[in-house]
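Some notes on the structure that comes next.
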Amino acid sequence: MTDRATVTGTPTPVPVPDAGAPVSRLPRALHPGAWWLWAFGLATAASHTTNPLPLALLIGTAAFVVVRRRGDAPWALAFRMYLLLGTVIVAMRVVFRIVFGGGQGEHILVRLPEIPLPEWAAGIRLFGPVAVEELLGGFYDGLRLATMLICLGGANALANPKRLLKAVPGALYAVSTAVVVALSVAPQLVESVLRVRRARRLRGGSGKGLRALRGVALPVLADALDRSLALAAAMDSRGYGRTAAVPTGRRAVTGALVLAGLVGVCVGVYGLLDATAPDYLGGPMLLGGLATALTGMLIAGRQVVRSRYRPDRWRLAELAVAGCGLAAAALVMLAGSVDPALLYPPVSPLNWPELTPLTVLAVAVAVAPAWLAPPPATARRGTPGGG
């Protein structure tokens, strides 16, 4: 009956796309390394300034890109936690200045009773007068650290941590597995909390505050333990951590090469930072250490036997997203070399922070991945590009 009705019925007209209509981009998952390079670029830009205006713009940039290009995976829900953690960092820095650094400024807000300390604690004061300059200094420092954390949290919300395992070298496979598992803990906890709270509401649970903490914390911890055991069993069944049959001599050689390379890198960095060190302890030692360490890693990578199914490719969108992050960091560093006083506004005397054209350009470049990156593949509407 259904087939007959389909044949004899009126055919459904097929819509013909308009030639002048814009063609939507196909949804796909971007390479996780591109998002992490973009986030590292934004964090580097934030580390080179204490001006609250570009820092606030960078936070807004990270939030806007996350809202436009995050999917519906569990790790995509963790960005709000980084925003909350950044707020806590700023508040702690301000409170720290009130407790240990008050009084250094001309504009006194309030005079708190000072706690006397013994002579061996000279130079440390508890409480006392609280000045506006000290509060602004703590706010600037805390905002810079919070911005760096939020930018990295954006990469954690956009990039698939499991796909990141396929992009690491074979020599770092065991270490990267532990790092990826650690990065996925926070998103999974957020998902567990949301699921437990939804289940409590369906059961009519009305407890709030500390009363609901026990009813939420215990199921979340149990769910986290179950997920950990399931992940460990799945990784073991897929051969994670298993190495090929390599002679003991080769393992000793690769270990010695990696260790010698790392020592050479440390000595080279020290030679570059110390102006009194000989020239051969700087750049040549650093390059030699890097070459030695990379050689050892390449040899050690052959010990890991694994297969890659559909490896991630770097395409034009990945290069554009990573380039935007690196370009934003370079523009902020260039702005610091042109006019460093605007990137590090003084708190005494009090003045309003200003923006430079280079920092505005850096923010404009950093927000470009909101349109340059392809839309994520979601399943909210039952289609690959739904939602």
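Order determines the names: the first chain of the structure tokens is A, the second B, and so forth; residues in each chain are numbered 1 upward, and ligands are numbered 1 upward as they are shown.
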
#### Entry: Contacts of A:Leu355 within 9 Å, only C-alpha atoms, excl. fewer than 5 positions in-chain, as a PyMOL selection string
chain A and resi 51+53-54+342-343+360

#### Entry: Test item: residues at most 8 Å from stretch 132-143 of chain A, only C-alpha atoms, excluding those fewer than 3 positions along its chain, as number ranges by chain
A: 50-52, 55, 86, 89-94, 96-98, 101-109, 146-147, 347-348, 350

### Task
Looking only at strand (DSSP E) from DSSP on the backbone, list the matching residues of stretch 110-159 of chain A as a list of chain:residue names.
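Strand (DSSP E) members of stretch 110-159 of chain A, listed: A:Val110, A:Arg111, A:Pro129, A:Val130, A:Ala131.
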
### Task
Enter the distance from atom CA of A:Arg200 to atom CA of A:Arg80, in Å, rounded to one decimal.
21.6 Å

### Task
Do a neighbour search on stretch 154-160 of chain A at 7 Å with only C-alpha atoms, toss out local chain neighbours closer than 4 positions, and write the hits as an MDAnalysis selection string.
chainID A and resid 32 35:36 39 62 66 70 75:79 150 164

Give me a file of those residues, with N, CA and C atoms, as a PDB file, in the first residue's frame.
ATOM      1  N   PRO A  32      42.271  19.143  15.876  1.00  0.00           N
ATOM      2  CA  PRO A  32      42.420  19.691  17.232  1.00  0.00           C
ATOM      3  C   PRO A  32      43.700  20.496  17.414  1.00  0.00           C
ATOM      4  N   TRP A  35      43.077  24.231  16.757  1.00  0.00           N
ATOM      5  CA  TRP A  35      42.445  24.975  17.851  1.00  0.00           C
ATOM      6  C   TRP A  35      43.432  25.238  18.978  1.00  0.00           C
ATOM      7  N   TRP A  36      44.305  24.274  19.271  1.00  0.00           N
ATOM      8  CA  TRP A  36      45.261  24.490  20.345  1.00  0.00           C
ATOM      9  C   TRP A  36      46.301  25.528  19.966  1.00  0.00           C
ATOM     10  N   ALA A  39      44.586  28.834  20.431  1.00  0.00           N
ATOM     11  CA  ALA A  39      44.460  29.176  21.848  1.00  0.00           C
ATOM     12  C   ALA A  39      45.811  29.569  22.439  1.00  0.00           C
ATOM     13  N   ALA A  62      37.439  34.711  22.686  1.00  0.00           N
ATOM     14  CA  ALA A  62      37.418  33.273  22.947  1.00  0.00           C
ATOM     15  C   ALA A  62      35.990  32.780  23.167  1.00  0.00           C
ATOM     16  N   VAL A  66      33.964  30.154  20.685  1.00  0.00           N
ATOM     17  CA  VAL A  66      33.473  28.903  21.269  1.00  0.00           C
ATOM     18  C   VAL A  66      31.971  28.748  21.030  1.00  0.00           C
ATOM     19  N   ARG A  70      31.600  25.506  18.658  1.00  0.00           N
ATOM     20  CA  ARG A  70      31.653  24.311  19.488  1.00  0.00           C
ATOM     21  C   ARG A  70      30.538  23.363  19.081  1.00  0.00           C
ATOM     22  N   TRP A  75      32.934  17.632  26.113  1.00  0.00           N
ATOM     23  CA  TRP A  75      33.974  18.616  26.433  1.00  0.00           C
ATOM     24  C   TRP A  75      33.583  20.029  25.998  1.00  0.00           C
ATOM     25  N   ALA A  76      32.572  20.168  25.142  1.00  0.00           N
ATOM     26  CA  ALA A  76      32.150  21.503  24.712  1.00  0.00           C
ATOM     27  C   ALA A  76      31.391  22.245  25.801  1.00  0.00           C
ATOM     28  N   LEU A  77      30.974  21.541  26.838  1.00  0.00           N
ATOM     29  CA  LEU A  77      30.215  22.168  27.918  1.00  0.00           C
ATOM     30  C   LEU A  77      31.099  22.685  29.038  1.00  0.00           C
ATOM     31  N   ALA A  78      32.408  22.537  28.931  1.00  0.00           N
ATOM     32  CA  ALA A  78      33.301  22.882  30.025  1.00  0.00           C
ATOM     33  C   ALA A  78      33.775  24.325  29.981  1.00  0.00           C
ATOM     34  N   PHE A  79      33.399  25.096  28.954  1.00  0.00           N
ATOM     35  CA  PHE A  79      33.933  26.452  28.852  1.00  0.00           C
ATOM     36  C   PHE A  79      33.411  27.344  29.970  1.00  0.00           C
ATOM     37  N   ILE A 150      41.298  31.145  30.306  1.00  0.00           N
ATOM     38  CA  ILE A 150      40.065  31.072  29.517  1.00  0.00           C
ATOM     39  C   ILE A 150      40.374  30.774  28.055  1.00  0.00           C
ATOM     40  N   LEU A 164      43.164  14.183  19.397  1.00  0.00           N
ATOM     41  CA  LEU A 164      44.497  14.752  19.559  1.00  0.00           C
ATOM     42  C   LEU A 164      45.556  13.671  19.736  1.00  0.00           C
TER      43      LEU A 164
END

### Query
Smallest atom-to-atom distance to A:Gly261: which of A:Gly204, A:Gly296, A:Gly323, A:Pro278, using only C-alpha atoms?
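With only C-alpha atoms as the atom set, the closest residue is A:Gly296.
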
### Residue neighbourhood A:Val365, 10 Å, only C-alpha atoms, exclusion window fewer than 6 positions, as an NGL selection string
:A and (61 or 321 or 323-329 or 331 or 359)

For the residues selected in the previous step, produce a file with N, CA, C and O atoms as a short mmCIF file (atom, residue, chain, number, x, y, z; two decimals), in the first residue's frame.
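Generated file (part-v5.cif):
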data_model
loop_
_atom_site.label_atom_id
_atom_site.label_comp_id
_atom_site.auth_asym_id
_atom_site.auth_seq_id
_atom_site.Cartn_x
_atom_site.Cartn_y
_atom_site.Cartn_z
N THR A 61 36.55 37.41 22.66
CA THR A 61 36.88 36.71 21.42
C THR A 61 36.81 35.20 21.61
O THR A 61 36.21 34.48 20.80
N VAL A 321 43.08 28.98 10.85
CA VAL A 321 42.80 29.11 12.28
C VAL A 321 44.08 29.21 13.09
O VAL A 321 44.24 30.08 13.96
N GLY A 323 47.00 30.13 11.99
CA GLY A 323 47.68 31.37 11.64
C GLY A 323 47.07 32.58 12.32
O GLY A 323 47.78 33.53 12.66
N CYS A 324 45.75 32.57 12.54
CA CYS A 324 45.12 33.69 13.24
C CYS A 324 45.63 33.80 14.68
O CYS A 324 45.90 34.91 15.17
N GLY A 325 45.78 32.67 15.36
CA GLY A 325 46.29 32.72 16.72
C GLY A 325 47.73 33.20 16.78
O GLY A 325 48.09 34.04 17.62
N LEU A 326 48.57 32.68 15.89
CA LEU A 326 49.96 33.10 15.88
C LEU A 326 50.10 34.56 15.47
O LEU A 326 50.94 35.30 16.00
N ALA A 327 49.26 35.00 14.52
CA ALA A 327 49.32 36.41 14.10
C ALA A 327 48.88 37.34 15.22
O ALA A 327 49.44 38.43 15.39
N ALA A 328 47.88 36.95 15.99
CA ALA A 328 47.44 37.77 17.11
C ALA A 328 48.54 37.93 18.15
O ALA A 328 48.78 39.03 18.66
N ALA A 329 49.24 36.83 18.45
CA ALA A 329 50.36 36.92 19.39
C ALA A 329 51.47 37.82 18.85
O ALA A 329 52.04 38.64 19.58
N LEU A 331 51.20 40.32 16.72
CA LEU A 331 50.78 41.71 16.71
C LEU A 331 50.85 42.33 18.10
O LEU A 331 51.25 43.50 18.25
N THR A 359 46.74 46.37 18.87
CA THR A 359 45.98 45.44 19.72
C THR A 359 44.57 45.24 19.17
O THR A 359 44.02 44.13 19.23
#

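Atom to atom, atom CA of A:Leu37 and atom CA of A:Leu152 stand 9.7 Å apart.
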
### Task
Name the residues in contact with A:Thr49 at a cut-off of 8 Å, using only C-alpha atoms, excluding same-chain residues fewer than 3 positions from it; report them as a ChimeraX atom specification.
/A:45-46,55,144,336,343-344

Store the residues picked out above in a file with N, CA and C atoms, as an mmCIF file, in the first residue's frame.
data_model
loop_
_atom_site.group_PDB
_atom_site.id
_atom_site.type_symbol
_atom_site.label_atom_id
_atom_site.label_comp_id
_atom_site.auth_asym_id
_atom_site.auth_seq_id
_atom_site.Cartn_x
_atom_site.Cartn_y
_atom_site.Cartn_z
ATOM 1 N N ALA A 45 49.401 36.239 23.594
ATOM 2 C CA ALA A 45 49.059 37.652 23.500
ATOM 3 C C ALA A 45 48.614 38.207 24.848
ATOM 4 N N ALA A 46 47.854 37.431 25.612
ATOM 5 C CA ALA A 46 47.402 37.893 26.924
ATOM 6 C C ALA A 46 48.546 37.990 27.925
ATOM 7 N N LEU A 55 42.623 42.605 27.273
ATOM 8 C CA LEU A 55 42.353 41.335 27.941
ATOM 9 C C LEU A 55 40.860 41.004 27.909
ATOM 10 N N ARG A 144 44.991 39.053 33.778
ATOM 11 C CA ARG A 144 45.895 38.475 32.786
ATOM 12 C C ARG A 144 45.963 36.957 32.918
ATOM 13 N N GLY A 336 53.861 45.807 21.912
ATOM 14 C CA GLY A 336 54.659 46.015 23.104
ATOM 15 C C GLY A 336 56.015 46.622 22.811
ATOM 16 N N LEU A 343 50.583 48.858 26.923
ATOM 17 C CA LEU A 343 50.269 47.467 27.249
ATOM 18 C C LEU A 343 50.400 47.181 28.736
ATOM 19 N N TYR A 344 51.177 47.973 29.427
ATOM 20 C CA TYR A 344 51.335 47.823 30.883
ATOM 21 C C TYR A 344 50.976 49.158 31.531
#

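A straight line drawn from atom CA of A:Ala322 to atom CA of A:Met81 is 24.2 Å long.
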